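Working notes, structure below.
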Amino acid sequence: MRAKLACFSFLFSAIALPHSFAAESWYARAGAQSSDGGVQAIAFLPNEMWIHAGDSITWTFASDEPHSVTFLTTGQIRPSFTAGCPGITADESPFDNSTCVNSGRVTTPGFTYTVKFPTAGNYRLLCLVHVNMTALIHVLNAFEPIPHNQEFYDKQAFAESHDLLSDADGRDREEVLEHHHGDARDVHRAIAVGTGEIISIPGGVQSVSVMRFMQPTITIQEGDTVEWEAFDVSGHTITFGQEPPNVTPSTPPSANVFADPDGARHAIINSESDSVHSGFIAQAGHERSGVVQAPPPIAQVQPPVGVTRFRVTFTHVGTYPYICAFHDQLGMRGEVIVVSRR
Ligand SMILES: [Cu+2]
């Protein structure tokens, strides 16, 4: 990846396109995914572009994982994706830093959203669904040369998405599994919740997430406790039985979830018909800029940081399927099989 970026910066100096006074249309992508949807590049591709005042950029949403194309005004507090900036602004809205622009949370791959840039400035692009997904748009005056053409950005987007998706596919997944196989504890049976990585490049931050429970099927004995551990930069849930309606990151855990002394959440499941919702399970890194609200407290011991561990004690023999309420459509599902002690 570094080698390719070096190559891009060489091109930066080699191509200085003559200015043109006609408004140009530029194209980029929001998100990319592996063929099974399990690996998600949570990124604007490319994540840095130079255009002229009067030009527009059209983003094509390219994953089943939802994203937004959002430009906030300077100093505006980051809203939740449900609130919007507020709400959604029309396709082809202009952005000049006077009012925010927001595509809304797009769940349909192939959907496009265009933003017009009438005035020069350097504008931060972000996704309201994902903290670790930002980009930078440089809008230059018409007489300034711009460094790249569309073909360059297409190649860069392809290379970046390939790097992100292959990053998560091999090494990290194996490392996490190895870590867990080497775990000698027998009190808690551990399941890694995804794996992920955050990458910082000049245009902003990108991340990649494996939307999977890394040990999707686990067999334990009655009375055992299973522990889910967040390894991903994206937040997930562990949800048994009935899913709460319209789950968001601020949906609280179900009433039968309590807090252990170390802050982890814990539930006891007595029957295959029990419903349990963990609430949002995510690395504390999500709060590094205060942009994600602390999870709703469920007891005095609940720490004001991201909850990264969830435990369930199974008291009875049975088969207990569960999902991540955000990513079950991408195949993020698992099953706990509880067998008799004898
Ligand atoms: Cu998930």
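Identifiers in the structure tokens: chain A, B, ... in order shown; residue index from 1 per chain; ligand index from 1 in order shown.
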
Check: Looking only at the backbone, which of the residues in region 46-163 of chain A does DSSP tag as helix (DSSP H, G or I), as a list in words?
Finding: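 For region 46-163 of chain A, the helix (DSSP H, G or I) set is Gln150, Glu151, Phe152, Tyr153, Asp154, Lys155, Gln156, Ala157, Phe158, Ala159, Glu160, Ser161, His162 and Asp163 of chain A.
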
Just write the chosen residues, N, CA, C and O atoms, as a compact mmCIF listing (two decimals), in the first residue's frame.
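Full text of result-v4.txt as output:
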# COMPACT_ATOMS: atom_id res chain seq x y z
N GLN A 150 -9.98 11.95 -13.80
CA GLN A 150 -10.89 10.92 -13.31
C GLN A 150 -10.27 9.52 -13.38
O GLN A 150 -10.47 8.69 -12.49
N GLU A 151 -9.52 9.27 -14.44
CA GLU A 151 -8.90 7.95 -14.59
C GLU A 151 -7.98 7.64 -13.41
O GLU A 151 -7.95 6.52 -12.89
N PHE A 152 -7.24 8.65 -12.98
CA PHE A 152 -6.36 8.49 -11.81
C PHE A 152 -7.18 8.10 -10.59
O PHE A 152 -6.84 7.16 -9.86
N TYR A 153 -8.28 8.83 -10.35
CA TYR A 153 -9.09 8.53 -9.16
C TYR A 153 -9.72 7.14 -9.25
O TYR A 153 -9.86 6.45 -8.24
N ASP A 154 -10.13 6.74 -10.45
CA ASP A 154 -10.70 5.39 -10.61
C ASP A 154 -9.67 4.33 -10.22
O ASP A 154 -9.98 3.37 -9.51
N LYS A 155 -8.44 4.51 -10.71
CA LYS A 155 -7.38 3.53 -10.40
C LYS A 155 -7.07 3.54 -8.90
O LYS A 155 -6.87 2.50 -8.29
N GLN A 156 -7.01 4.75 -8.33
CA GLN A 156 -6.70 4.86 -6.91
C GLN A 156 -7.80 4.20 -6.07
O GLN A 156 -7.51 3.48 -5.12
N ALA A 157 -9.05 4.45 -6.44
CA ALA A 157 -10.17 3.85 -5.69
C ALA A 157 -10.09 2.33 -5.76
O ALA A 157 -10.28 1.64 -4.76
N PHE A 158 -9.78 1.81 -6.93
CA PHE A 158 -9.67 0.36 -7.10
C PHE A 158 -8.54 -0.19 -6.23
O PHE A 158 -8.70 -1.18 -5.51
N ALA A 159 -7.38 0.46 -6.28
CA ALA A 159 -6.22 -0.01 -5.52
C ALA A 159 -6.49 0.08 -4.02
O ALA A 159 -6.18 -0.86 -3.27
N GLU A 160 -7.09 1.17 -3.57
CA GLU A 160 -7.35 1.33 -2.14
C GLU A 160 -8.35 0.30 -1.65
O GLU A 160 -8.20 -0.28 -0.58
N SER A 161 -9.39 0.05 -2.44
CA SER A 161 -10.40 -0.90 -1.97
C SER A 161 -9.81 -2.31 -1.97
O SER A 161 -10.05 -3.09 -1.05
N HIS A 162 -8.99 -2.62 -2.96
CA HIS A 162 -8.34 -3.94 -2.99
C HIS A 162 -7.45 -4.12 -1.77
O HIS A 162 -7.47 -5.16 -1.11
N ASP A 163 -6.67 -3.08 -1.45
CA ASP A 163 -5.78 -3.17 -0.28
C ASP A 163 -6.56 -3.35 1.01
O ASP A 163 -6.22 -4.18 1.85

Next item on the list: Name each residue within 8 Å of ligand 1, counting only C-alpha atoms and all ligand atoms, as a PyMOL selection string.
Entry: chain A and resi 193-194+211-212+234-237+324-328+332

Checklist line | Exercise: Phe240 (chain A) partners within 10 Å, only C-alpha atoms, chain neighbours under 6 positions left out, as number ranges by chain | finding: A: 269, 272-278, 320-325, 334-335

Margin query: I'd like the contact shell of region 55-60 of chain A - 8 Å cut-off, only C-alpha atoms, skipping same-chain residues fewer than 5 positions apart - returned as a ChimeraX atom specification.
Written below: /A:23-30,69,109-118

Next item on the list: With a distance cut-off of 6 Å and only C-alpha atoms, select the neighbouring residues of Thr195 (chain A), excluding the residue or stretch itself and same-chain residues fewer than 3 positions from it, and output the selection as a list in words.
Entry: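 So, after excluding close chain neighbours, the residues are Ser209, Val210, Phe231 and Asp232 of chain A.
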
Atoms to include: all heavy atoms. Write the selected residues as a PDB file, in the first residue's frame.
ATOM      1  N   SER A 209     -13.552  -3.764   8.222  1.00  0.00           N
ATOM      2  CA  SER A 209     -14.156  -4.597   9.255  1.00  0.00           C
ATOM      3  C   SER A 209     -14.518  -5.952   8.677  1.00  0.00           C
ATOM      4  O   SER A 209     -15.042  -6.030   7.568  1.00  0.00           O
ATOM      5  CB  SER A 209     -15.455  -3.955   9.766  1.00  0.00           C
ATOM      6  OG  SER A 209     -15.171  -2.866  10.601  1.00  0.00           O
ATOM      7  N   VAL A 210     -14.244  -6.987   9.459  1.00  0.00           N
ATOM      8  CA  VAL A 210     -14.752  -8.315   9.103  1.00  0.00           C
ATOM      9  C   VAL A 210     -16.034  -8.515   9.897  1.00  0.00           C
ATOM     10  O   VAL A 210     -16.017  -8.573  11.127  1.00  0.00           O
ATOM     11  CB  VAL A 210     -13.721  -9.410   9.424  1.00  0.00           C
ATOM     12  CG1 VAL A 210     -14.294 -10.785   9.094  1.00  0.00           C
ATOM     13  CG2 VAL A 210     -12.442  -9.171   8.645  1.00  0.00           C
ATOM     14  N   PHE A 231     -13.268  -7.190  18.731  1.00  0.00           N
ATOM     15  CA  PHE A 231     -11.970  -6.996  18.084  1.00  0.00           C
ATOM     16  C   PHE A 231     -12.071  -6.032  16.920  1.00  0.00           C
ATOM     17  O   PHE A 231     -11.102  -5.782  16.211  1.00  0.00           O
ATOM     18  CB  PHE A 231     -11.427  -8.335  17.569  1.00  0.00           C
ATOM     19  CG  PHE A 231     -10.662  -9.096  18.599  1.00  0.00           C
ATOM     20  CD1 PHE A 231     -11.326  -9.895  19.509  1.00  0.00           C
ATOM     21  CD2 PHE A 231      -9.280  -8.993  18.680  1.00  0.00           C
ATOM     22  CE1 PHE A 231     -10.629 -10.591  20.477  1.00  0.00           C
ATOM     23  CE2 PHE A 231      -8.574  -9.690  19.643  1.00  0.00           C
ATOM     24  CZ  PHE A 231      -9.246 -10.496  20.551  1.00  0.00           C
ATOM     25  N   ASP A 232     -13.266  -5.520  16.681  1.00  0.00           N
ATOM     26  CA  ASP A 232     -13.485  -4.754  15.460  1.00  0.00           C
ATOM     27  C   ASP A 232     -13.593  -3.273  15.765  1.00  0.00           C
ATOM     28  O   ASP A 232     -13.947  -2.874  16.874  1.00  0.00           O
ATOM     29  CB  ASP A 232     -14.787  -5.238  14.797  1.00  0.00           C
ATOM     30  CG  ASP A 232     -14.930  -4.763  13.366  1.00  0.00           C
ATOM     31  OD1 ASP A 232     -13.972  -4.152  12.854  1.00  0.00           O
ATOM     32  OD2 ASP A 232     -15.989  -4.988  12.772  1.00  0.00           O
TER      33      ASP A 232
END

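Using only C-alpha atoms, the residues found no farther than 8 Å from Gln206 (chain A), other than those of its own chain fewer than 2 positions away, are Ala41, Ile42, Ala43, Phe44, Asn132, Met133, Thr134, Ile198, Ile199, Ser200, Ile201, Gly204 and Val208 of chain A.
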
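In terms of minimum interatomic distance to Gly37 (chain A), A:Gln329 ranks closest within A:Thr108, A:Asn97, A:Thr89, A:Gln329, counting only C-alpha atoms.
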
Notebook entry, point to check: Which of these, A:Gln215, A:Gln221, A:Asn270, A:Gln76, has the shortest distance to Asn256 (chain A) once you count only C-alpha atoms?
Noted result: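 That would be A:Asn270, the residue with the smallest distance to Asn256 (chain A).
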
Next item on the list: Check the smallest atom-to-atom distance from each of A:Gly54, A:Gly241, A:Pro46, A:Gly38 to Ala120 (chain A) using only C-alpha atoms, then report the winner.
Entry: A:Gly54

Margin query: Env of Met49 (chain A): 9 Å cut, atoms = only C-alpha atoms, seq-sep filter 2 positions within chain, self excluded. Answer as a PyMOL selection string.
Written below: chain A and resi 46-47+51+135-139+148+153+203

Check: Can you list every residue in region 86-327 of chain A that DSSP puts in strand (DSSP E or B), as JSON, numbers by chain?
Finding: {"A": [87, 93, 94, 101, 102, 106, 112, 113, 114, 115, 116, 121, 122, 123, 124, 125, 126, 134, 135, 136, 137, 138, 139, 140, 146, 188, 189, 190, 191, 192, 193, 194, 195, 196, 197, 198, 199, 200, 201, 204, 205, 206, 207, 208, 209, 210, 211, 212, 213, 217, 218, 219, 220, 221, 225, 226, 227, 228, 229, 230, 236, 239, 240, 257, 258, 259, 265, 266, 267, 268, 269, 276, 277, 281, 309, 310, 311, 312, 313, 314, 318, 319, 320, 321, 322, 323]}
